[in-house]
Amino acid sequence: MKVIYDETAATVTQEKDGTSVTHPLESAEGFEIMSRAWLRASWDVKYIYAFSWFGRPIIQLPEDMIRIQEVLWRDKVDVIIETGVAHGGSLVFYASIFKAMGKGRVIGIELDLRAHNRAAIDAHPLRDLITLVDGSSIAPETVEHVRSLLKPGERVMVMLDSNHTKPHVLAELRAYGTMVTPGCYIVAADGIMEIVAGGPRTKPDWTTSNPKQAALTFVAENPDFIIEEPVWDFNEGAVRERVTYWPSAFVKRVR
Ligand SMILES: C[S@@+](CC[C@H](N)C(=O)[O-])C[C@H]1O[C@@H](n2cnc3c(N)ncnc32)[C@H](O)[C@@H]1O
């Protein structure tokens with residue numbers, strides 16, 4: 001695929017499969033083509049490895065974090081479970097939202113929490129809202145331990161951000177899906193892998209082994225879940241699609 005950006009004409013032309021289509025920049029289509037190109041460039045330059053939240057590095061596209069904030073607020077979530085802690089930035093992000101909401105807590109699961117990251121999370125002012133669980137997210141003892149931390153009546157959502165292969169994410173969806181409160185989401189992060197395959201730091205099998213494919217398989221085998229984009233409360237622009245590293249990521253438990 002080839003994308004040609006004409007700043008003077010304010011158009012973008014996409015050449016694909018022998019056809020060429022030109023859109024104004026001032027259109028949903030033009031914005032989507034430019035966004036996709038930007039997302040690919042962002043992957044190549046490691047754009048998301050340049051942010052921290054309340055002092056902890058957070059390895060996320062900022063747009064995705066703003067969207068999660070919208071979901072936490074609207075769904076009135078009491079507990080977010082996240083697989084994959086790394087430096088702890090996303091745990092601190094959720095904790096800061098919960099602090100502002102006046103309720104909510106975070107459970108973070110990590111296979112290999114480095115000593116310096118553990119020490120920094122332990123010393124963080126929002127530490128009392130965070131429970132750390134050591135182990136593989138799909139180990140039966142980890143899953144049962146996390147389940148035991150939930151209290152009846154709590155509104156629970158889950159973020160899957162550990163190992164992003166299709167088999168692993170599918171195992172996580174099967175293990176944690178039943179912990180999600182009906183009406184809430186389990187989010188399979190980083191389906192961007194399918195789009196950036198072929199770029200730096202990618203593997204050839206990313207076109208098929210990725211979180212998006214895991215989510216599609218999971219909802220096909222389980223009628224209690226659907227892939228459903230949250231309804232975003234505010235949009236006075238022409239944008240139709242989220243700019244995201246998480247395409248087809250929002251798996252909603254419907255019953
Ligand atoms: C993408 S990073 C997490 C980033 C973090 N959520 C953030 O937003 O800053 C993925 C993390 O998952 C961890 N991980 C990999 N496999 C895992 C597993 N089976 N169980 C739990 N954590 C795992 C890695 O050690 C790594 O720290």
# chains A, B, ... in the order shown; residues from 1 in each chain; ligands from 1

$ closest_atom_pairs --of "chain A" --to "ligand 1" --cutoff "8 Å" --atoms "only C-alpha atoms and all ligand atoms" --output "tab-separated table"
residue	atom	partner	partner_atom_place_in_ligand_line	distance
A:Pro57	CA	ligand 1	9 (O)	6.3
A:Ile58	CA	ligand 1	9 (O)	3.7
A:Ile59	CA	ligand 1	9 (O)	3.9
A:Gln60	CA	ligand 1	8 (O)	5.2
A:Glu82	CA	ligand 1	6 (N)	7.0
A:Thr83	CA	ligand 1	21 (C)	5.5
A:Gly84	CA	ligand 1	12 (O)	3.4
A:Val85	CA	ligand 1	5 (C)	4.6
A:Ala86	CA	ligand 1	27 (O)	3.4
A:His87	CA	ligand 1	9 (O)	5.8
A:Gly88	CA	ligand 1	9 (O)	5.7
A:Gly89	CA	ligand 1	9 (O)	4.7
A:Ser90	CA	ligand 1	8 (O)	4.3
A:Leu91	CA	ligand 1	6 (N)	7.2
A:Ile109	CA	ligand 1	21 (C)	5.5
A:Glu110	CA	ligand 1	22 (N)	3.8
A:Leu111	CA	ligand 1	21 (C)	4.0
A:Asp112	CA	ligand 1	25 (O)	4.9
A:Leu113	CA	ligand 1	25 (O)	6.7
A:Asp134	CA	ligand 1	21 (C)	7.7
A:Gly135	CA	ligand 1	20 (N)	6.0
A:Ser136	CA	ligand 1	20 (N)	3.5
A:Ser137	CA	ligand 1	20 (N)	3.9
A:Ile138	CA	ligand 1	19 (N)	6.2
A:Ala139	CA	ligand 1	19 (N)	7.9
A:Asp161	CA	ligand 1	6 (N)	5.3
A:Ser162	CA	ligand 1	12 (O)	3.3
A:Asn163	CA	ligand 1	16 (N)	4.2
A:His168	CA	ligand 1	19 (N)	7.4

$ write_last_selection --atoms "C-alpha atoms" --output "PDB file, in the first residue's frame"
ATOM      1  CA  PRO A  57       6.770   4.710  32.769  1.00  0.00           C
ATOM      2  CA  ILE A  58       3.578   3.665  30.969  1.00  0.00           C
ATOM      3  CA  ILE A  59       3.857   1.695  27.761  1.00  0.00           C
ATOM      4  CA  GLN A  60       0.611   2.710  26.090  1.00  0.00           C
ATOM      5  CA  GLU A  82      -4.467  -6.064  34.526  1.00  0.00           C
ATOM      6  CA  THR A  83      -2.155  -8.770  33.241  1.00  0.00           C
ATOM      7  CA  GLY A  84       1.324  -7.355  32.492  1.00  0.00           C
ATOM      8  CA  VAL A  85       2.670  -4.730  34.885  1.00  0.00           C
ATOM      9  CA  ALA A  86       6.173  -3.890  33.538  1.00  0.00           C
ATOM     10  CA  HIS A  87       7.117  -0.526  35.179  1.00  0.00           C
ATOM     11  CA  GLY A  88       3.688  -0.116  36.765  1.00  0.00           C
ATOM     12  CA  GLY A  89       2.634   2.987  34.834  1.00  0.00           C
ATOM     13  CA  SER A  90      -0.734   1.641  33.748  1.00  0.00           C
ATOM     14  CA  LEU A  91      -1.517   0.396  37.269  1.00  0.00           C
ATOM     15  CA  ILE A 109      -0.381  -9.602  37.575  1.00  0.00           C
ATOM     16  CA  GLU A 110       3.242  -9.902  36.461  1.00  0.00           C
ATOM     17  CA  LEU A 111       5.436 -12.879  35.612  1.00  0.00           C
ATOM     18  CA  ASP A 112       8.710 -11.040  36.057  1.00  0.00           C
ATOM     19  CA  LEU A 113       8.373  -7.904  38.180  1.00  0.00           C
ATOM     20  CA  ASP A 134       3.325 -12.535  41.055  1.00  0.00           C
ATOM     21  CA  GLY A 135       3.103 -15.359  38.516  1.00  0.00           C
ATOM     22  CA  SER A 136       2.020 -16.211  35.021  1.00  0.00           C
ATOM     23  CA  SER A 137      -1.395 -14.801  34.237  1.00  0.00           C
ATOM     24  CA  ILE A 138      -2.580 -18.155  32.886  1.00  0.00           C
ATOM     25  CA  ALA A 139      -1.222 -20.378  35.679  1.00  0.00           C
ATOM     26  CA  ASP A 161      -1.504  -6.608  28.379  1.00  0.00           C
ATOM     27  CA  SER A 162       1.026  -9.382  29.032  1.00  0.00           C
ATOM     28  CA  ASN A 163       2.151 -11.893  26.415  1.00  0.00           C
ATOM     29  CA  HIS A 168      -1.794 -16.750  25.430  1.00  0.00           C
TER      30      HIS A 168
END

$ select_by_dssp --residues "range 4-242 of chain A" --states "alpha helix (DSSP H)" --output "ChimeraX atom specification"
/A:28-44,62-74,89-101,115-122,140-148,166-176,193-196,211-221

$ residues_around --residues "Gly102 in chain A" --least-positions-apart "2" --cutoff "12 Å" --atoms "only C-alpha atoms" --output "list in words"
Trp73, Lys76, Val77, Asp78, Ala95, Ser96, Ile97, Phe98, Lys99, Ala100, Gly104, Arg105 and Leu129 of chain A

$ write_last_selection --atoms "N, CA and C atoms" --output "compact mmCIF listing (two decimals), in the first residue's frame"
# COMPACT_ATOMS: atom_id res chain seq x y z
N TRP A 73 -14.93 5.47 34.06
CA TRP A 73 -15.89 6.43 34.61
C TRP A 73 -17.31 6.00 34.29
N LYS A 76 -18.46 2.76 35.93
CA LYS A 76 -18.38 2.82 37.40
C LYS A 76 -17.67 1.57 37.95
N VAL A 77 -16.51 1.31 37.37
CA VAL A 77 -15.75 0.10 37.71
C VAL A 77 -15.21 0.19 39.14
N ASP A 78 -15.29 -0.93 39.87
CA ASP A 78 -14.74 -1.02 41.23
C ASP A 78 -13.35 -1.65 41.24
N ALA A 95 -5.15 3.62 39.08
CA ALA A 95 -5.29 4.00 40.50
C ALA A 95 -5.57 5.50 40.62
N SER A 96 -4.94 6.31 39.78
CA SER A 96 -5.16 7.76 39.87
C SER A 96 -6.58 8.13 39.46
N ILE A 97 -7.11 7.41 38.47
CA ILE A 97 -8.51 7.65 38.07
C ILE A 97 -9.44 7.24 39.21
N PHE A 98 -9.16 6.08 39.82
CA PHE A 98 -10.00 5.61 40.93
C PHE A 98 -9.93 6.58 42.12
N LYS A 99 -8.75 7.09 42.38
CA LYS A 99 -8.61 8.05 43.48
C LYS A 99 -9.52 9.26 43.23
N ALA A 100 -9.51 9.73 41.98
CA ALA A 100 -10.36 10.89 41.65
C ALA A 100 -11.84 10.53 41.69
N GLY A 104 -12.59 2.38 43.89
CA GLY A 104 -11.94 1.54 42.88
C GLY A 104 -10.54 1.12 43.30
N ARG A 105 -10.15 -0.06 42.79
CA ARG A 105 -8.82 -0.57 43.10
C ARG A 105 -8.31 -1.39 41.92
N LEU A 129 -3.96 1.48 46.63
CA LEU A 129 -5.04 1.08 45.72
C LEU A 129 -4.63 -0.07 44.80

$ select_by_dssp --residues "range 49-247 of chain A" --states "strand (DSSP E or B)" --output "VMD selection string"
chain A and resid 52 to 53 56 to 57 79 to 83 105 to 110 130 to 134 156 to 160 185 to 188 225 to 227

$ closest_atom_pairs --of "range 230-254 of chain A" --to "range 15-39 of chain A" --cutoff "10 Å" --atoms "only C-alpha atoms" --output "CSV"
residue,atom,partner,partner_atom,distance
A:Gly237,CA,A:Ala28,CA,9.1
A:Ala238,CA,A:Ala28,CA,5.6
A:Val239,CA,A:Ala28,CA,5.3
A:Arg240,CA,A:Ala28,CA,6.3
A:Glu241,CA,A:Glu32,CA,7.2
A:Arg242,CA,A:Glu32,CA,9.0
A:Val243,CA,A:Ser35,CA,6.5
A:Thr244,CA,A:Leu39,CA,7.8
A:Tyr245,CA,A:Leu39,CA,7.8

$ closest_atom_pairs --of "range 52-156 of chain A" --to "range 179-201 of chain A" --cutoff "9 Å" --atoms "only C-alpha atoms" --output "Markdown table"
| residue | atom | partner | partner_atom | distance |
| --- | --- | --- | --- | --- |
| A:Val71 | CA | A:Tyr185 | CA | 8.8 |
| A:Asp75 | CA | A:Cys184 | CA | 6.8 |
| A:Val77 | CA | A:Cys184 | CA | 8.2 |
| A:Arg147 | CA | A:Met179 | CA | 7.0 |
| A:Leu150 | CA | A:Met179 | CA | 8.4 |
| A:Gly153 | CA | A:Thr181 | CA | 8.8 |
| A:Glu154 | CA | A:Thr181 | CA | 7.9 |
| A:Arg155 | CA | A:Thr181 | CA | 5.6 |
| A:Val156 | CA | A:Val180 | CA | 5.1 |

$ write_last_selection --atoms "N, CA and C atoms" --output "mmCIF file, in the first residue's frame"
data_model
loop_
_atom_site.group_PDB
_atom_site.id
_atom_site.type_symbol
_atom_site.label_atom_id
_atom_site.label_comp_id
_atom_site.auth_asym_id
_atom_site.auth_seq_id
_atom_site.Cartn_x
_atom_site.Cartn_y
_atom_site.Cartn_z
ATOM 1 N N VAL A 71 -14.105 4.664 29.935
ATOM 2 C CA VAL A 71 -14.801 3.417 30.278
ATOM 3 C C VAL A 71 -14.876 3.243 31.798
ATOM 4 N N ASP A 75 -18.589 3.063 33.261
ATOM 5 C CA ASP A 75 -19.025 1.756 33.785
ATOM 6 C C ASP A 75 -18.939 1.684 35.306
ATOM 7 N N VAL A 77 -16.514 1.310 37.371
ATOM 8 C CA VAL A 77 -15.748 0.103 37.707
ATOM 9 C C VAL A 77 -15.208 0.188 39.139
ATOM 10 N N ARG A 147 -9.137 -14.573 41.476
ATOM 11 C CA ARG A 147 -10.586 -14.719 41.690
ATOM 12 C C ARG A 147 -10.928 -14.546 43.174
ATOM 13 N N LEU A 150 -11.579 -10.978 44.614
ATOM 14 C CA LEU A 150 -12.775 -10.216 44.233
ATOM 15 C C LEU A 150 -13.869 -10.399 45.273
ATOM 16 N N GLY A 153 -20.443 -8.462 44.323
ATOM 17 C CA GLY A 153 -21.066 -7.172 44.015
ATOM 18 C C GLY A 153 -20.125 -6.151 43.397
ATOM 19 N N GLU A 154 -18.827 -6.443 43.371
ATOM 20 C CA GLU A 154 -17.907 -5.476 42.764
ATOM 21 C C GLU A 154 -18.053 -5.496 41.243
ATOM 22 N N ARG A 155 -17.946 -4.313 40.646
ATOM 23 C CA ARG A 155 -17.974 -4.209 39.184
ATOM 24 C C ARG A 155 -16.540 -4.352 38.669
ATOM 25 N N VAL A 156 -16.332 -5.418 37.900
ATOM 26 C CA VAL A 156 -14.968 -5.817 37.529
ATOM 27 C C VAL A 156 -14.756 -5.686 36.023
#

$ atom_distance --atom1 "CA of Thr142 in chain A" --atom2 "CA of Asp122 in chain A"
20.5 Å

$ closest_residue --among "A:Ser209, A:Asn117, A:Thr131, A:Asn235" --to "Gly55 in chain A" --atoms "only C-alpha atoms"
A:Asn117

$ closest_residue --among "A:Thr217, A:Thr165, A:Gln14, A:Ile226" --to "Lys203 in chain A" --atoms "only C-alpha atoms"
A:Thr165

$ atom_distance --atom1 "CA of Gln213 in chain A" --atom2 "CA of Lys166 in chain A"
6.4 Å

$ closest_residue --among "A:Glu172, A:Glu236, A:Glu229, A:Asp224" --to "Val254 in chain A" --atoms "only C-alpha atoms"
A:Asp224

$ atom_distance --atom1 "CA of Leu149 in chain A" --atom2 "CA of Val133 in chain A"
10.2 Å

$ closest_residue --among "A:Trp232, A:Phe225, A:Tyr5, A:Phe250" --to "Thr178 in chain A" --atoms "only C-alpha atoms"
A:Phe225
